[in-house]
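As stored in final.txt (compact mmCIF, N, CA, C and O atoms):
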```
# COMPACT_ATOMS: atom_id res chain seq x y z
N MET A 1 -7.82 17.68 14.08
CA MET A 1 -7.96 17.24 12.70
C MET A 1 -7.76 18.42 11.77
O MET A 1 -8.19 19.53 12.04
N MET A 2 -7.10 18.19 10.66
CA MET A 2 -6.75 19.25 9.74
C MET A 2 -7.47 19.02 8.41
O MET A 2 -7.53 17.90 7.91
N ASP A 3 -8.06 20.08 7.86
CA ASP A 3 -8.69 19.99 6.55
C ASP A 3 -7.68 20.42 5.49
O ASP A 3 -7.01 21.44 5.64
N ILE A 4 -7.59 19.64 4.45
CA ILE A 4 -6.74 19.97 3.32
C ILE A 4 -7.65 20.21 2.12
O ILE A 4 -8.47 19.36 1.79
N GLU A 5 -7.52 21.38 1.51
CA GLU A 5 -8.31 21.68 0.32
C GLU A 5 -7.46 21.47 -0.92
O GLU A 5 -6.32 21.93 -0.97
N ILE A 6 -8.03 20.79 -1.88
CA ILE A 6 -7.32 20.54 -3.15
C ILE A 6 -8.13 21.17 -4.26
O ILE A 6 -9.32 20.91 -4.41
N ASP A 7 -7.46 22.01 -5.04
CA ASP A 7 -8.09 22.63 -6.20
C ASP A 7 -8.03 21.63 -7.34
O ASP A 7 -7.01 21.50 -8.01
N MET A 8 -9.12 20.91 -7.54
CA MET A 8 -9.13 19.85 -8.55
C MET A 8 -8.96 20.39 -9.96
O MET A 8 -8.58 19.65 -10.86
N ASP A 9 -9.22 21.68 -10.16
CA ASP A 9 -9.00 22.28 -11.48
C ASP A 9 -7.51 22.31 -11.83
O ASP A 9 -7.15 22.34 -13.01
N SER A 10 -6.65 22.29 -10.81
CA SER A 10 -5.22 22.33 -11.07
C SER A 10 -4.58 20.94 -11.06
O SER A 10 -3.37 20.82 -11.21
N VAL A 11 -5.40 19.90 -10.88
CA VAL A 11 -4.88 18.53 -10.84
C VAL A 11 -4.98 17.91 -12.23
O VAL A 11 -6.05 17.88 -12.84
N ASP A 12 -3.85 17.44 -12.71
CA ASP A 12 -3.80 16.74 -14.00
C ASP A 12 -4.04 15.26 -13.75
O ASP A 12 -3.18 14.57 -13.21
N MET A 13 -5.22 14.78 -14.11
CA MET A 13 -5.58 13.39 -13.83
C MET A 13 -4.71 12.40 -14.61
O MET A 13 -4.56 11.25 -14.19
N ASP A 14 -4.10 12.83 -15.70
CA ASP A 14 -3.15 11.96 -16.40
C ASP A 14 -1.92 11.73 -15.53
O ASP A 14 -1.39 10.62 -15.47
N VAL A 15 -1.47 12.77 -14.83
CA VAL A 15 -0.34 12.63 -13.91
C VAL A 15 -0.74 11.73 -12.75
O VAL A 15 0.03 10.86 -12.33
N VAL A 16 -1.95 11.91 -12.23
CA VAL A 16 -2.44 11.06 -11.15
C VAL A 16 -2.41 9.59 -11.59
O VAL A 16 -1.94 8.72 -10.85
N SER A 17 -2.88 9.31 -12.78
CA SER A 17 -2.86 7.93 -13.30
C SER A 17 -1.45 7.39 -13.40
O SER A 17 -1.18 6.24 -13.05
N GLU A 18 -0.52 8.23 -13.88
CA GLU A 18 0.88 7.80 -13.99
C GLU A 18 1.48 7.50 -12.62
O GLU A 18 2.24 6.55 -12.46
N VAL A 19 1.16 8.33 -11.62
CA VAL A 19 1.67 8.10 -10.26
C VAL A 19 1.17 6.75 -9.75
O VAL A 19 1.94 5.97 -9.17
N LEU A 20 -0.10 6.47 -9.96
CA LEU A 20 -0.65 5.17 -9.53
C LEU A 20 0.04 4.00 -10.24
O LEU A 20 0.34 2.98 -9.62
N ILE A 21 0.34 4.17 -11.52
CA ILE A 21 1.04 3.11 -12.27
C ILE A 21 2.45 2.91 -11.72
O ILE A 21 2.89 1.78 -11.52
N VAL A 22 3.16 4.00 -11.44
CA VAL A 22 4.52 3.92 -10.91
C VAL A 22 4.53 3.23 -9.55
O VAL A 22 5.37 2.36 -9.29
N ILE A 23 3.58 3.61 -8.69
CA ILE A 23 3.51 2.97 -7.36
C ILE A 23 3.21 1.49 -7.50
O ILE A 23 3.85 0.65 -6.85
N THR A 24 2.26 1.15 -8.36
CA THR A 24 1.91 -0.26 -8.57
C THR A 24 3.08 -1.04 -9.16
O THR A 24 3.39 -2.15 -8.71
N ASP A 25 3.76 -0.47 -10.16
CA ASP A 25 4.92 -1.13 -10.75
C ASP A 25 6.02 -1.36 -9.71
O ASP A 25 6.65 -2.42 -9.69
N ALA A 26 6.23 -0.37 -8.84
CA ALA A 26 7.26 -0.51 -7.80
C ALA A 26 6.90 -1.64 -6.84
O ALA A 26 7.76 -2.42 -6.43
N MET A 27 5.63 -1.73 -6.47
CA MET A 27 5.21 -2.81 -5.57
C MET A 27 5.39 -4.17 -6.23
O MET A 27 5.86 -5.11 -5.60
N LEU A 28 5.03 -4.26 -7.49
CA LEU A 28 5.18 -5.54 -8.20
C LEU A 28 6.65 -5.92 -8.35
O LEU A 28 7.00 -7.09 -8.18
N ALA A 29 7.48 -4.94 -8.63
CA ALA A 29 8.92 -5.21 -8.79
C ALA A 29 9.54 -5.64 -7.47
O ALA A 29 10.50 -6.42 -7.45
N ALA A 30 9.00 -5.16 -6.37
CA ALA A 30 9.53 -5.50 -5.05
C ALA A 30 8.90 -6.79 -4.50
O ALA A 30 9.25 -7.23 -3.42
N ALA A 31 8.00 -7.36 -5.26
CA ALA A 31 7.30 -8.58 -4.86
C ALA A 31 6.59 -8.41 -3.52
O ALA A 31 6.54 -9.30 -2.69
N VAL A 32 6.02 -7.23 -3.32
CA VAL A 32 5.26 -6.94 -2.10
C VAL A 32 3.80 -7.32 -2.39
O VAL A 32 3.26 -6.96 -3.43
N ASP A 33 3.22 -8.05 -1.48
CA ASP A 33 1.83 -8.49 -1.66
C ASP A 33 1.01 -8.13 -0.42
O ASP A 33 0.65 -9.01 0.36
N PRO A 34 0.72 -6.83 -0.26
CA PRO A 34 0.02 -6.42 0.96
C PRO A 34 -1.45 -6.83 0.94
O PRO A 34 -2.07 -6.94 -0.12
N THR A 35 -1.99 -7.00 2.14
CA THR A 35 -3.43 -7.21 2.27
C THR A 35 -4.12 -5.86 2.07
O THR A 35 -3.46 -4.81 2.14
N PRO A 36 -5.42 -5.87 1.84
CA PRO A 36 -6.11 -4.57 1.73
C PRO A 36 -5.93 -3.71 2.98
O PRO A 36 -5.76 -2.50 2.87
N ASP A 37 -5.95 -4.32 4.17
CA ASP A 37 -5.74 -3.55 5.40
C ASP A 37 -4.35 -2.93 5.42
O ASP A 37 -4.17 -1.77 5.82
N GLU A 38 -3.32 -3.69 5.01
CA GLU A 38 -1.95 -3.16 4.98
C GLU A 38 -1.84 -2.02 3.97
O GLU A 38 -1.15 -1.02 4.24
N MET A 39 -2.51 -2.14 2.83
CA MET A 39 -2.49 -1.05 1.84
C MET A 39 -3.16 0.20 2.40
O MET A 39 -2.66 1.31 2.22
N PHE A 40 -4.28 0.02 3.09
CA PHE A 40 -5.00 1.16 3.65
C PHE A 40 -4.12 1.90 4.66
O PHE A 40 -4.02 3.13 4.62
N VAL A 41 -3.46 1.15 5.53
CA VAL A 41 -2.59 1.77 6.53
C VAL A 41 -1.39 2.43 5.85
O VAL A 41 -1.02 3.56 6.20
N ALA A 42 -0.79 1.77 4.86
CA ALA A 42 0.37 2.34 4.16
C ALA A 42 0.00 3.64 3.45
O ALA A 42 0.75 4.62 3.51
N ILE A 43 -1.15 3.65 2.80
CA ILE A 43 -1.59 4.87 2.11
C ILE A 43 -1.87 5.98 3.12
O ILE A 43 -1.55 7.15 2.89
N GLY A 44 -2.44 5.63 4.26
CA GLY A 44 -2.67 6.60 5.33
C GLY A 44 -1.37 7.21 5.83
O GLY A 44 -1.27 8.42 6.06
N GLU A 45 -0.35 6.36 6.00
CA GLU A 45 0.97 6.85 6.44
C GLU A 45 1.57 7.77 5.38
O GLU A 45 2.17 8.81 5.72
N LEU A 46 1.42 7.42 4.12
CA LEU A 46 1.93 8.27 3.04
C LEU A 46 1.21 9.61 3.04
O LEU A 46 1.85 10.67 2.92
N MET A 47 -0.10 9.60 3.22
CA MET A 47 -0.85 10.85 3.26
C MET A 47 -0.42 11.71 4.44
O MET A 47 -0.28 12.93 4.30
N SER A 48 -0.19 11.10 5.60
CA SER A 48 0.28 11.86 6.77
C SER A 48 1.62 12.51 6.49
O SER A 48 1.85 13.67 6.85
N ALA A 49 2.53 11.77 5.86
CA ALA A 49 3.84 12.33 5.53
C ALA A 49 3.72 13.47 4.53
O ALA A 49 4.42 14.48 4.65
N LEU A 50 2.82 13.34 3.57
CA LEU A 50 2.63 14.42 2.59
C LEU A 50 2.04 15.66 3.25
O LEU A 50 2.46 16.78 2.95
N VAL A 51 1.09 15.48 4.15
CA VAL A 51 0.51 16.63 4.86
C VAL A 51 1.58 17.31 5.69
O VAL A 51 1.70 18.54 5.68
N ASP A 52 2.39 16.52 6.39
CA ASP A 52 3.48 17.10 7.18
C ASP A 52 4.42 17.90 6.29
O ASP A 52 4.87 18.99 6.66
N GLU A 53 4.72 17.37 5.12
CA GLU A 53 5.62 18.05 4.18
C GLU A 53 5.03 19.37 3.72
O GLU A 53 5.69 20.41 3.70
N VAL A 54 3.76 19.35 3.38
CA VAL A 54 3.07 20.56 2.90
C VAL A 54 3.00 21.61 4.00
O VAL A 54 3.15 22.81 3.75
N MET A 55 2.81 21.16 5.23
CA MET A 55 2.70 22.08 6.36
C MET A 55 4.06 22.54 6.88
O MET A 55 4.14 23.36 7.79
N GLY A 56 5.13 21.99 6.32
CA GLY A 56 6.47 22.44 6.69
C GLY A 56 7.05 21.78 7.91
O GLY A 56 8.06 22.25 8.46
N VAL A 57 6.46 20.69 8.36
CA VAL A 57 6.98 20.00 9.55
C VAL A 57 7.54 18.62 9.20
O VAL A 57 7.99 17.91 10.07
N GLY A 58 7.50 18.26 7.94
CA GLY A 58 7.92 16.92 7.55
C GLY A 58 9.41 16.79 7.36
O GLY A 58 10.08 17.70 6.90
N GLU A 59 9.93 15.66 7.77
CA GLU A 59 11.34 15.34 7.56
C GLU A 59 11.49 14.05 6.77
O GLU A 59 12.58 13.68 6.39
N VAL A 60 10.38 13.37 6.52
CA VAL A 60 10.41 12.06 5.90
C VAL A 60 10.65 12.13 4.40
O VAL A 60 11.32 11.29 3.83
N MET A 61 10.13 13.14 3.75
CA MET A 61 10.09 13.18 2.28
C MET A 61 11.33 13.81 1.66
O MET A 61 11.31 14.23 0.53
N HIS A 62 12.44 13.91 2.39
CA HIS A 62 13.62 14.60 1.85
C HIS A 62 14.62 13.63 1.29
O HIS A 62 14.80 12.57 1.60
```

For this file, write the structure as structure tokens.
Amino acid sequence: MMDIEIDMDSVDMDVVSEVLIVITDAMLAAAVDPTPDEMFVAIGELMSALVDEVMGVGEVMH
């Protein structure tokens, strides 16, 4: 298991809100209606891909 530290002082919560809006808008535009379990798994997969990218082993996010 890997610990990821995030410096919340450097996080712009306005940007975080915009990212959530963009993701939600994209889902609505695609007419995707996931269950809560499907959303949880999808977000987990996204987080794994982001960690891989940050650690320099990711190929998904290119």

Can you check which residues of chain A DSSP gives as helix (DSSP H, G or I) on the backbone and send them as a PyMOL selection string?
chain A and resi 8-10+13-29+36-55

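For the atom pair formed by atom C of A:Ala31 and atom O of A:Asp14, the distance is 23.8 Å, given to one decimal.
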
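One distance worth recording is that between atom N of A:Met39 and atom C of A:Ala26, which is 13.5 Å.
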
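The space between atom C of A:Glu53 and atom N of A:Asp7 spans 15.5 Å.
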
Using the incomplete input, complete stretch 11-22 of chain A to the level of all heavy atoms; output as an mmCIF file, keeping the file's coordinate frame.
```cif
data_model
loop_
_atom_site.group_PDB
_atom_site.id
_atom_site.type_symbol
_atom_site.label_atom_id
_atom_site.label_comp_id
_atom_site.auth_asym_id
_atom_site.auth_seq_id
_atom_site.Cartn_x
_atom_site.Cartn_y
_atom_site.Cartn_z
ATOM 1 N N VAL A 11 -5.400 19.900 -10.880
ATOM 2 C CA VAL A 11 -4.880 18.530 -10.840
ATOM 3 C C VAL A 11 -4.980 17.910 -12.230
ATOM 4 O O VAL A 11 -6.050 17.880 -12.840
ATOM 5 C CB VAL A 11 -5.684 17.681 -9.820
ATOM 6 C CG1 VAL A 11 -5.267 16.216 -9.886
ATOM 7 C CG2 VAL A 11 -5.508 18.227 -8.413
ATOM 8 N N ASP A 12 -3.850 17.440 -12.710
ATOM 9 C CA ASP A 12 -3.800 16.740 -14.000
ATOM 10 C C ASP A 12 -4.040 15.260 -13.750
ATOM 11 O O ASP A 12 -3.180 14.570 -13.210
ATOM 12 C CB ASP A 12 -2.435 16.974 -14.650
ATOM 13 C CG ASP A 12 -2.319 16.377 -16.044
ATOM 14 O OD1 ASP A 12 -3.102 15.470 -16.391
ATOM 15 O OD2 ASP A 12 -1.418 16.818 -16.788
ATOM 16 N N MET A 13 -5.220 14.780 -14.110
ATOM 17 C CA MET A 13 -5.580 13.390 -13.830
ATOM 18 C C MET A 13 -4.710 12.400 -14.610
ATOM 19 O O MET A 13 -4.560 11.250 -14.190
ATOM 20 C CB MET A 13 -7.060 13.153 -14.098
ATOM 21 C CG MET A 13 -7.979 13.882 -13.094
ATOM 22 S SD MET A 13 -7.592 13.555 -11.341
ATOM 23 C CE MET A 13 -8.099 11.844 -11.193
ATOM 24 N N ASP A 14 -4.100 12.830 -15.700
ATOM 25 C CA ASP A 14 -3.150 11.960 -16.400
ATOM 26 C C ASP A 14 -1.920 11.730 -15.530
ATOM 27 O O ASP A 14 -1.390 10.620 -15.470
ATOM 28 C CB ASP A 14 -2.730 12.577 -17.740
ATOM 29 C CG ASP A 14 -3.861 12.552 -18.767
ATOM 30 O OD1 ASP A 14 -4.754 11.674 -18.666
ATOM 31 O OD2 ASP A 14 -3.860 13.414 -19.668
ATOM 32 N N VAL A 15 -1.470 12.770 -14.830
ATOM 33 C CA VAL A 15 -0.340 12.630 -13.910
ATOM 34 C C VAL A 15 -0.740 11.730 -12.750
ATOM 35 O O VAL A 15 0.030 10.860 -12.330
ATOM 36 C CB VAL A 15 0.143 14.006 -13.410
ATOM 37 C CG1 VAL A 15 1.187 13.847 -12.310
ATOM 38 C CG2 VAL A 15 0.686 14.839 -14.560
ATOM 39 N N VAL A 16 -1.950 11.910 -12.230
ATOM 40 C CA VAL A 16 -2.440 11.060 -11.150
ATOM 41 C C VAL A 16 -2.410 9.590 -11.590
ATOM 42 O O VAL A 16 -1.940 8.720 -10.850
ATOM 43 C CB VAL A 16 -3.869 11.468 -10.716
ATOM 44 C CG1 VAL A 16 -4.472 10.454 -9.746
ATOM 45 C CG2 VAL A 16 -3.860 12.864 -10.111
ATOM 46 N N SER A 17 -2.880 9.310 -12.780
ATOM 47 C CA SER A 17 -2.860 7.930 -13.300
ATOM 48 C C SER A 17 -1.450 7.390 -13.400
ATOM 49 O O SER A 17 -1.180 6.240 -13.050
ATOM 50 C CB SER A 17 -3.534 7.871 -14.674
ATOM 51 O OG SER A 17 -4.899 8.171 -14.559
ATOM 52 N N GLU A 18 -0.520 8.230 -13.880
ATOM 53 C CA GLU A 18 0.880 7.800 -13.990
ATOM 54 C C GLU A 18 1.480 7.500 -12.620
ATOM 55 O O GLU A 18 2.240 6.550 -12.460
ATOM 56 C CB GLU A 18 1.712 8.856 -14.713
ATOM 57 C CG GLU A 18 1.462 8.917 -16.203
ATOM 58 C CD GLU A 18 1.891 7.637 -16.918
ATOM 59 O OE1 GLU A 18 2.954 7.064 -16.594
ATOM 60 O OE2 GLU A 18 1.128 7.202 -17.799
ATOM 61 N N VAL A 19 1.160 8.330 -11.620
ATOM 62 C CA VAL A 19 1.670 8.100 -10.260
ATOM 63 C C VAL A 19 1.170 6.750 -9.750
ATOM 64 O O VAL A 19 1.940 5.970 -9.170
ATOM 65 C CB VAL A 19 1.256 9.245 -9.299
ATOM 66 C CG1 VAL A 19 1.517 8.872 -7.853
ATOM 67 C CG2 VAL A 19 1.978 10.530 -9.676
ATOM 68 N N LEU A 20 -0.100 6.470 -9.960
ATOM 69 C CA LEU A 20 -0.650 5.170 -9.530
ATOM 70 C C LEU A 20 0.040 4.000 -10.240
ATOM 71 O O LEU A 20 0.340 2.980 -9.620
ATOM 72 C CB LEU A 20 -2.153 5.124 -9.776
ATOM 73 C CG LEU A 20 -2.980 6.043 -8.881
ATOM 74 C CD1 LEU A 20 -4.434 6.051 -9.328
ATOM 75 C CD2 LEU A 20 -2.866 5.630 -7.429
ATOM 76 N N ILE A 21 0.340 4.170 -11.520
ATOM 77 C CA ILE A 21 1.040 3.110 -12.270
ATOM 78 C C ILE A 21 2.450 2.910 -11.720
ATOM 79 O O ILE A 21 2.890 1.780 -11.520
ATOM 80 C CB ILE A 21 1.057 3.446 -13.778
ATOM 81 C CG1 ILE A 21 -0.365 3.305 -14.347
ATOM 82 C CG2 ILE A 21 2.051 2.553 -14.526
ATOM 83 C CD1 ILE A 21 -0.526 3.868 -15.748
ATOM 84 N N VAL A 22 3.160 4.000 -11.440
ATOM 85 C CA VAL A 22 4.520 3.920 -10.910
ATOM 86 C C VAL A 22 4.530 3.230 -9.550
ATOM 87 O O VAL A 22 5.370 2.360 -9.290
ATOM 88 C CB VAL A 22 5.169 5.322 -10.833
ATOM 89 C CG1 VAL A 22 6.443 5.295 -10.021
ATOM 90 C CG2 VAL A 22 5.409 5.868 -12.231
#
```
